[in-house]
Structures are given as C-alpha cells and as structure tokens.
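These notes concern the structure reproduced below.
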Amino acid sequence: MTFATRMGRVASSATLKVTAEADRLRRQGIDIVDLGAGEPDFPTPEHVKAAGHTAIDENFTKYTPSAGIPELREAVCQRYRADYGIDTRPDEVIITAGGKQALFNAAIALFEQGDEVITHTPCWPSIPQQITLAGAEPVFVQTHAEDGFAIHAEPILAAITNRTKAIVLNSPCNPTGALISEEALAALADTAASRGLWIVLDLTYEKLIYERVAHNLPRVLHDRLRDRSILCGATSKAYAMTGWRCGWAVGPKEAIAQLNVVQGHATSNVTSITQKAAVAALTGPQDAVASMLSEYRTRRDRVWEWLTEDPRFTCVKPRGAFYLFAYVAEALAPAGVRSSAELAEALLRDAHVAVTAGEGFEAPGYLRLSYATSIDRLKEGVTRIHALVRARERTGARS
Ligand code: GLU
C-alpha cells in the first residue's frame with residue numbers, strides 16, 4: 001500500500017499508544033497500574049456534568065457555529081480577563097476539540113514547507129509531529145535536568161534563522177513540569193515582534209502550578225506580540241474533562257478565522273453538549289480546580305520521595321502539570337535493558353506498570369510517570385518498578 005509521503009515523516013502518538021496498550025491488557029483482566037495516561041482520575045465536577053445533561057434534555061444537540069457557541073467564546077474571554085487581566089473579544093477565540101486541535105489548527109494555518117519552527121525538549125510528542133504534518137521542520141532546543149528543565153530565552157533566540165516561522169512553547173511543560181518565566185517570554189516576544197515570528201503558547205496545564213510564581217504569560221504576549229501570538233488552552237486537565245474534548249485558541253481575529261477554516265473542513269464544531277458543559281466549567285465555581293491541585297501536590301511529593309529512594313532513579317520535582325520525568329539511565333543495565341523504551345516495555349509486560357518512555361518526548365534515558373492517579377496506585381506502581389529492577393539485577397535477566 002502506498003500512503004502520502006508525509007506519513008513516512010510522522011510517528012503515532014507515544015502517549016496515546018501507552019494508554020491504548022494499558023487498556024488492552026486491562027480488558028484481559030490484568031491488574032495494570034496505569035502511570036502512563038496524562039489524565040486526571042477525578043470525575044468531572046457535578047455542576048459541569050449537570051450542564052451537559054441539561055443540554056441533552058433541552059435538545060441542544062445540533063450543529064453549532066464551527067468556531068463555537070458565542071456564549072462559550074465569551075466565557076473564555078471572561079476567564080482570561082479574570083485570570084490574567086487581558087481583554088479579548090469572542091471573535092479572537094475558537095473552540096476546539098481539546099488543546100491538541102487548537103495547536104493542530106494553528107500548525108496547519110501558520111506553518112509550511114521550508115519553515116523552521118523552534119520548540120523546547122523534552123516536549124509533548126504531538127508538538128513536533130504536528131509541525132511535521134504541516135510540512136515544516138521542528139528545531140529542538142534542549143532544556144536540562146540540572147536547572148529543572150527551565151525554558152531559557154537565550155538558546156531559543158540562538159536557534160532562530162532566516163527560515164524560522166514560529167516558536168512553540170509549553171508552560172507548564174508536559175513532561176517536565178517546567179515553567180517559562182515572564183522575563184524569558186518577554187525576551188522571546190520582543191525578538192519575535194522585531195523578526196516577524198509567531199509565538200504559539202500551549203497553556204494546557206496553566207491551572208496546575210504548585211508554587212506561587214508569576215506566570216502571567218498571556219499578559220506578556222498580549223502586551224508585546226498581540227498580533228502574532230496564539231494561546232492554546234483546554235478544559236481537560238483543569239476541570240477533569242479529558243473525554244469531553246474541549247479546548248480553545250485565542251489570538252488575533254484574522255488568525256483565528258484561518259484556524260476556523262482548517263477546523264471547518266476537518267471536524268466542524270466541538271460537540272454541542274460539551275460546549276454547554278465547558279461554559280459551566282469556565283464560569284462556575286472554581287473550587288474543584290483548587291482542591292485537585294492540592295491533591296496533586298500531595299501525590300507529587302509522595303511519589304517523588306518513593307521513586308527516588310532508589311538512587312538509580314533521579315528526578316526533578318516538577319513545578320507544574322502532573323508528571324514525574326525520571327532519569328533512569330543508571331537503572332538500565334541492572335534491569336538488563338539497553339534503553340528507556342525497553343525498560344518501559346519490560347515494566348508493562350513483566351510488572352504490569354504503564355509508563356511512557358522518554359524517547360517519545362525526544363528524551364531517551366527518561367521515563368514519564370503520571371501521578372494523576374490515587375496515592376495507593378502510585379505506591380503500588382513505584383513498588384513494582386523498583387522490584388522489577390532489583391529482581392532482574394539479582395537474576396541477571398535480559399530483555
Ligand atoms: N496530554 C496527555 C498526555 O501527554 C494525553 C495524551 C495525549 O493527548 O497525547 O499523556
């Protein structure tokens with residue numbers, strides 16, 4: 001069979017692959033500890049679910065405008081006004097099927113063959129794959145465990161060439177939990193303004209930051225690069241709404257119109273019912289967000305302590321999101337494997353623990369463990385990980 005040549009340049013989603021495999025084994029009756037999925041284990045808040053029920057009962061089940069219902073686009077504007085003090089209008093917002101579609105629409109609308117698009121690694125797998133699907137070339141700027149994978153402006157600025165079209169940033173970052181500072185973003189925005197570059201900012205984890213730290217990135221971009229920046233967000237992580245598929249992009253009206261052209265030929269509107277639920281999430285009480293954050297903080301601290309009890313697992317304590325990104329190179333030889341991908345395979349096959357290998361994040365030697373699961377399961381997962389390495393070390397087992 002022959003496929004479009006672009007398919008030879010892209011890989012399937014490393015994160016979704018782990019979720020699917022864990023699911024397959026679970027359906028066979030195997031007790032899987034799933035630390036793979038980046039998905040809150042909390043239920044969607046009651047008032048959000050109720051808004052979804054009401055939408056069905058009131059037959060709000062038809063097409064909506066492709067860019068989203070005006071009420072939801074306005075709700076996004078209100079949220080950004082309340083959270084960041086920036087004024088946007090509904091025609092500067094498009095509602096998308098998760099943050100992923102917001103980023104995808106932006107990639108297709110902005111990037112093309114011959115373009116370079118800079119992003120930082122370790123990175124969420126879909127960011128470079130979307131750039132590639134758009135025909136452009138991802139340019140990777142590495143961040144480092146030594147300083148908590150901080151996203152600095154200087155190396156990104158140094159990677160700019162005449163072919164650079166855009167910079168894609170993710171803060172808090174999946175998988176590292178690192179943040180970009182307002183100062184670093186301001187430096188990037190000023191250069192982007194003078195060189196005519198776009199900045200696409202993925203804020204999917206914006207509500208999951210564990211310390212009191214200045215992170216008003218929308219304000220920075222709004223003040224310095226309003227006509228060439230796209231902010232992408234989602235209800236998925238903040239409101240435990242992954243399956244509802246709701247995200248958005250906020251940007252200049254002309255750009256949002258282009259993103260809507262892409263969407264109009266791909267999926268049309270986000271599910272009508274989801275849109276009503278998202279209005280409730282964004283405009284209703286926000287206390288569930290705070291209580292989930294507090295629980296994630298507890299889990300982060302516990303799982304970090306447990307994992308690093310074995311010195312062969314080293315790990316920065318993440319500042320945001322809900323992943324531990326552990327350096328496991330020292331555990332590979334004892335476990336009889338050659339790479340973190342092989343270790344992840346062995347963990348799933350022999351210890352029934354699902355984790356995502358660093359290879360998917362452009363970071364071999366690492367494993368990503370999601371702590372969006374209960375404390376008991378986290379303890380069980382880490383116990384099994386350590387036990388597998390020790391048992392293989394004792395017996396000299398090889399994969
Ligand atoms: N963002 C989540 C993760 O990294 C969900 C999976 C995906 O959409 O890639 O696990």
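Chain identifiers are assigned as A, B, and so on, following the order in which chains appear in the structure tokens; residues are numbered from 1 within each chain, and ligands are numbered from 1 in order of appearance.
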
Checklist entry - Can you tell me, as an MDAnalysis selection string, what residues are no more than 12 Å from stretch 348-350 of chain A when counting only C-alpha atoms, ignoring any on the same chain fewer than 5 positions away? => result chainID A and resid 18:19 21:26 30:36 335 341:343 355:357 381 384:385 387:389 391:392 397:399

Next on the checklist: Which of stretch 170-395 of chain A end up as helix (DSSP H, G or I) when DSSP is run on this backbone - answer as a ChimeraX atom specification?
Outcome noted: /A:182-195,217-228,242-244,253-264,272-283,287-308,329-332,340-351,358-361,375-395

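Residue neighbourhood of A:Gly38, excluding near-sequence residues (fewer than 5 positions): Thr15, Leu16, Thr19, Asn174, Pro175, Ser236, Lys237, Thr242, Ala321, Phe322, Tyr323, Thr356, Arg368, Leu369, Ser370, Tyr371, Ala372 and Thr373 of chain A, at 10 Å, using only C-alpha atoms.
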
Could you please take those selected residues and save N, CA, C and O atoms as a PDB file, in the first residue's frame?
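Heads up, here's the output in out36.pdb:
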ATOM      1  N   THR A  15       2.032   8.922  23.617  1.00  0.00           N
ATOM      2  CA  THR A  15       1.237   8.940  24.851  1.00  0.00           C
ATOM      3  C   THR A  15      -0.047   8.125  24.679  1.00  0.00           C
ATOM      4  O   THR A  15      -0.410   7.323  25.540  1.00  0.00           O
ATOM      5  N   LEU A  16      -0.701   8.297  23.535  1.00  0.00           N
ATOM      6  CA  LEU A  16      -1.949   7.558  23.313  1.00  0.00           C
ATOM      7  C   LEU A  16      -1.681   6.063  23.143  1.00  0.00           C
ATOM      8  O   LEU A  16      -2.506   5.233  23.509  1.00  0.00           O
ATOM      9  N   THR A  19      -1.590   4.477  26.534  1.00  0.00           N
ATOM     10  CA  THR A  19      -2.951   4.388  27.074  1.00  0.00           C
ATOM     11  C   THR A  19      -3.687   3.205  26.432  1.00  0.00           C
ATOM     12  O   THR A  19      -4.359   2.430  27.113  1.00  0.00           O
ATOM     13  N   ASN A 174       4.644  19.631  29.655  1.00  0.00           N
ATOM     14  CA  ASN A 174       4.463  18.180  29.664  1.00  0.00           C
ATOM     15  C   ASN A 174       5.581  17.625  28.788  1.00  0.00           C
ATOM     16  O   ASN A 174       5.625  17.969  27.604  1.00  0.00           O
ATOM     17  N   PRO A 175       6.548  16.881  29.298  1.00  0.00           N
ATOM     18  CA  PRO A 175       6.532  16.071  30.502  1.00  0.00           C
ATOM     19  C   PRO A 175       7.305  16.600  31.704  1.00  0.00           C
ATOM     20  O   PRO A 175       7.296  15.959  32.754  1.00  0.00           O
ATOM     21  N   SER A 236      -9.550  20.164  29.706  1.00  0.00           N
ATOM     22  CA  SER A 236      -9.235  18.758  30.028  1.00  0.00           C
ATOM     23  C   SER A 236      -8.609  18.541  31.401  1.00  0.00           C
ATOM     24  O   SER A 236      -9.102  17.742  32.195  1.00  0.00           O
ATOM     25  N   LYS A 237      -7.509  19.230  31.679  1.00  0.00           N
ATOM     26  CA  LYS A 237      -6.772  18.941  32.904  1.00  0.00           C
ATOM     27  C   LYS A 237      -7.339  19.739  34.079  1.00  0.00           C
ATOM     28  O   LYS A 237      -7.480  19.206  35.169  1.00  0.00           O
ATOM     29  N   THR A 242     -11.126  15.365  30.176  1.00  0.00           N
ATOM     30  CA  THR A 242     -10.382  14.888  29.000  1.00  0.00           C
ATOM     31  C   THR A 242     -11.284  14.324  27.904  1.00  0.00           C
ATOM     32  O   THR A 242     -11.115  14.637  26.731  1.00  0.00           O
ATOM     33  N   ALA A 321       2.038  20.833  36.095  1.00  0.00           N
ATOM     34  CA  ALA A 321       1.500  19.628  35.428  1.00  0.00           C
ATOM     35  C   ALA A 321       1.436  18.463  36.428  1.00  0.00           C
ATOM     36  O   ALA A 321       1.507  18.683  37.639  1.00  0.00           O
ATOM     37  N   PHE A 322       1.304  17.227  35.942  1.00  0.00           N
ATOM     38  CA  PHE A 322       1.229  16.114  36.908  1.00  0.00           C
ATOM     39  C   PHE A 322       2.041  14.905  36.473  1.00  0.00           C
ATOM     40  O   PHE A 322       1.558  13.781  36.453  1.00  0.00           O
ATOM     41  N   TYR A 323       3.313  15.186  36.130  1.00  0.00           N
ATOM     42  CA  TYR A 323       4.205  14.101  35.707  1.00  0.00           C
ATOM     43  C   TYR A 323       5.532  14.176  36.445  1.00  0.00           C
ATOM     44  O   TYR A 323       6.054  15.267  36.673  1.00  0.00           O
ATOM     45  N   THR A 356       5.403   6.087  30.287  1.00  0.00           N
ATOM     46  CA  THR A 356       5.728   6.487  28.920  1.00  0.00           C
ATOM     47  C   THR A 356       7.237   6.702  28.812  1.00  0.00           C
ATOM     48  O   THR A 356       7.821   7.426  29.633  1.00  0.00           O
ATOM     49  N   ARG A 368       8.438   8.841  31.865  1.00  0.00           N
ATOM     50  CA  ARG A 368       7.433   9.751  32.429  1.00  0.00           C
ATOM     51  C   ARG A 368       6.405   8.949  33.205  1.00  0.00           C
ATOM     52  O   ARG A 368       5.827   8.004  32.693  1.00  0.00           O
ATOM     53  N   LEU A 369       6.213   9.367  34.472  1.00  0.00           N
ATOM     54  CA  LEU A 369       5.203   8.739  35.319  1.00  0.00           C
ATOM     55  C   LEU A 369       4.122   9.769  35.613  1.00  0.00           C
ATOM     56  O   LEU A 369       4.405  10.834  36.179  1.00  0.00           O
ATOM     57  N   SER A 370       2.907   9.470  35.232  1.00  0.00           N
ATOM     58  CA  SER A 370       1.811  10.393  35.539  1.00  0.00           C
ATOM     59  C   SER A 370       1.348  10.135  36.971  1.00  0.00           C
ATOM     60  O   SER A 370       1.143   8.981  37.360  1.00  0.00           O
ATOM     61  N   TYR A 371       1.208  11.202  37.774  1.00  0.00           N
ATOM     62  CA  TYR A 371       0.665  10.992  39.126  1.00  0.00           C
ATOM     63  C   TYR A 371      -0.779  11.480  39.242  1.00  0.00           C
ATOM     64  O   TYR A 371      -1.256  11.817  40.320  1.00  0.00           O
ATOM     65  N   ALA A 372      -1.463  11.452  38.090  1.00  0.00           N
ATOM     66  CA  ALA A 372      -2.900  11.757  38.118  1.00  0.00           C
ATOM     67  C   ALA A 372      -3.678  10.486  38.451  1.00  0.00           C
ATOM     68  O   ALA A 372      -4.657  10.135  37.793  1.00  0.00           O
ATOM     69  N   THR A 373      -3.170   9.783  39.446  1.00  0.00           N
ATOM     70  CA  THR A 373      -3.863   8.574  39.893  1.00  0.00           C
ATOM     71  C   THR A 373      -3.739   8.485  41.418  1.00  0.00           C
ATOM     72  O   THR A 373      -2.971   9.232  42.015  1.00  0.00           O
TER      73      THR A 373
END

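Closest approach to ligand 1 among A:Glu39, A:Glu146, A:Asp115, A:Glu183 is made by A:Glu39 (distances from only C-alpha atoms and all ligand atoms).
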
Next on the checklist: Taking 2 positions as the minimum chain separation for residues in the same chain, which residues sit within 12 Å of A:Ser12 when counting only C-alpha atoms? Answer as a PyMOL selection string.
Outcome noted: chain A and resi 7-10+14-18+20+125-126+128-130+133+360

Next on the checklist: Excluding A:Ile95 and its own-chain neighbours fewer than 3 positions away, which residues fall within 12 Å of it when counting only C-alpha atoms? Please give them as a PyMOL selection string.
Outcome noted: chain A and resi 64-77+90-92+98-103+105+231-235+245-251+256-257+259-260+263-264+267-272+274-276+278-279

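When only C-alpha atoms and all ligand atoms are used to compute distances to ligand 1, the closest of the residues A:Leu225, A:Arg163, A:Ile127, A:Val316 turns out to be A:Ile127.
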
Checklist outcome for this item: For ligand 1, the closest of A:Pro40, A:Pro311, A:Pro138, A:Gly52 counting only C-alpha atoms and all ligand atoms is A:Pro40

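When only C-alpha atoms and all ligand atoms are used to compute distances to ligand 1, the closest of the residues A:Ile94, A:Ala189, A:Met1, A:Ala354 turns out to be A:Ala354.
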
Can you list every residue in stretch 163-248 of chain A that DSSP puts in strand (DSSP E or B), as a short mmCIF file (atom, residue, chain, number, x, y, z; two decimals) with C-alpha atoms, in the first residue's frame?
data_model
loop_
_atom_site.label_atom_id
_atom_site.label_comp_id
_atom_site.auth_asym_id
_atom_site.auth_seq_id
_atom_site.Cartn_x
_atom_site.Cartn_y
_atom_site.Cartn_z
CA THR A 164 12.23 30.43 11.43
CA LYS A 165 8.47 30.95 11.29
CA ALA A 166 7.46 30.43 14.89
CA ILE A 167 8.33 29.36 18.41
CA VAL A 168 6.06 26.86 20.15
CA LEU A 169 6.23 26.94 23.96
CA ASN A 170 4.54 24.77 26.57
CA ILE A 180 8.94 29.63 31.36
CA TRP A 198 4.75 33.82 15.68
CA ILE A 199 4.67 32.51 19.24
CA VAL A 200 2.27 29.66 19.94
CA LEU A 201 1.87 29.06 23.67
CA ASP A 202 0.38 25.82 24.97
CA ILE A 209 1.23 25.13 39.13
CA SER A 229 0.63 35.13 19.22
CA ILE A 230 -1.74 32.22 19.72
CA LEU A 231 -2.65 30.99 23.22
CA CYS A 232 -3.96 27.44 23.43
CA GLY A 233 -5.82 26.08 26.45
CA ALA A 234 -8.26 23.35 27.41
CA GLY A 247 -10.04 23.43 24.17
CA TRP A 248 -9.54 26.79 22.56
#

Checklist outcome for this item: re atom CA of A:Arg219 and atom CA of A:Gly85: distance 7.2 Å

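Between atom CA of A:His152 and atom CA of A:Ile108 there is a distance of 26.5 Å.
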
Next on the checklist: So, with only C-alpha atoms and all ligand atoms as the atoms that count, which of A:Ala281, A:Ala4, A:Ala97, A:Ile86 lies closest to ligand 1?
Outcome noted: A:Ala97

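Put simply, atom CA of A:Thr5 is 13.2 Å away from atom CA of A:Gln113.
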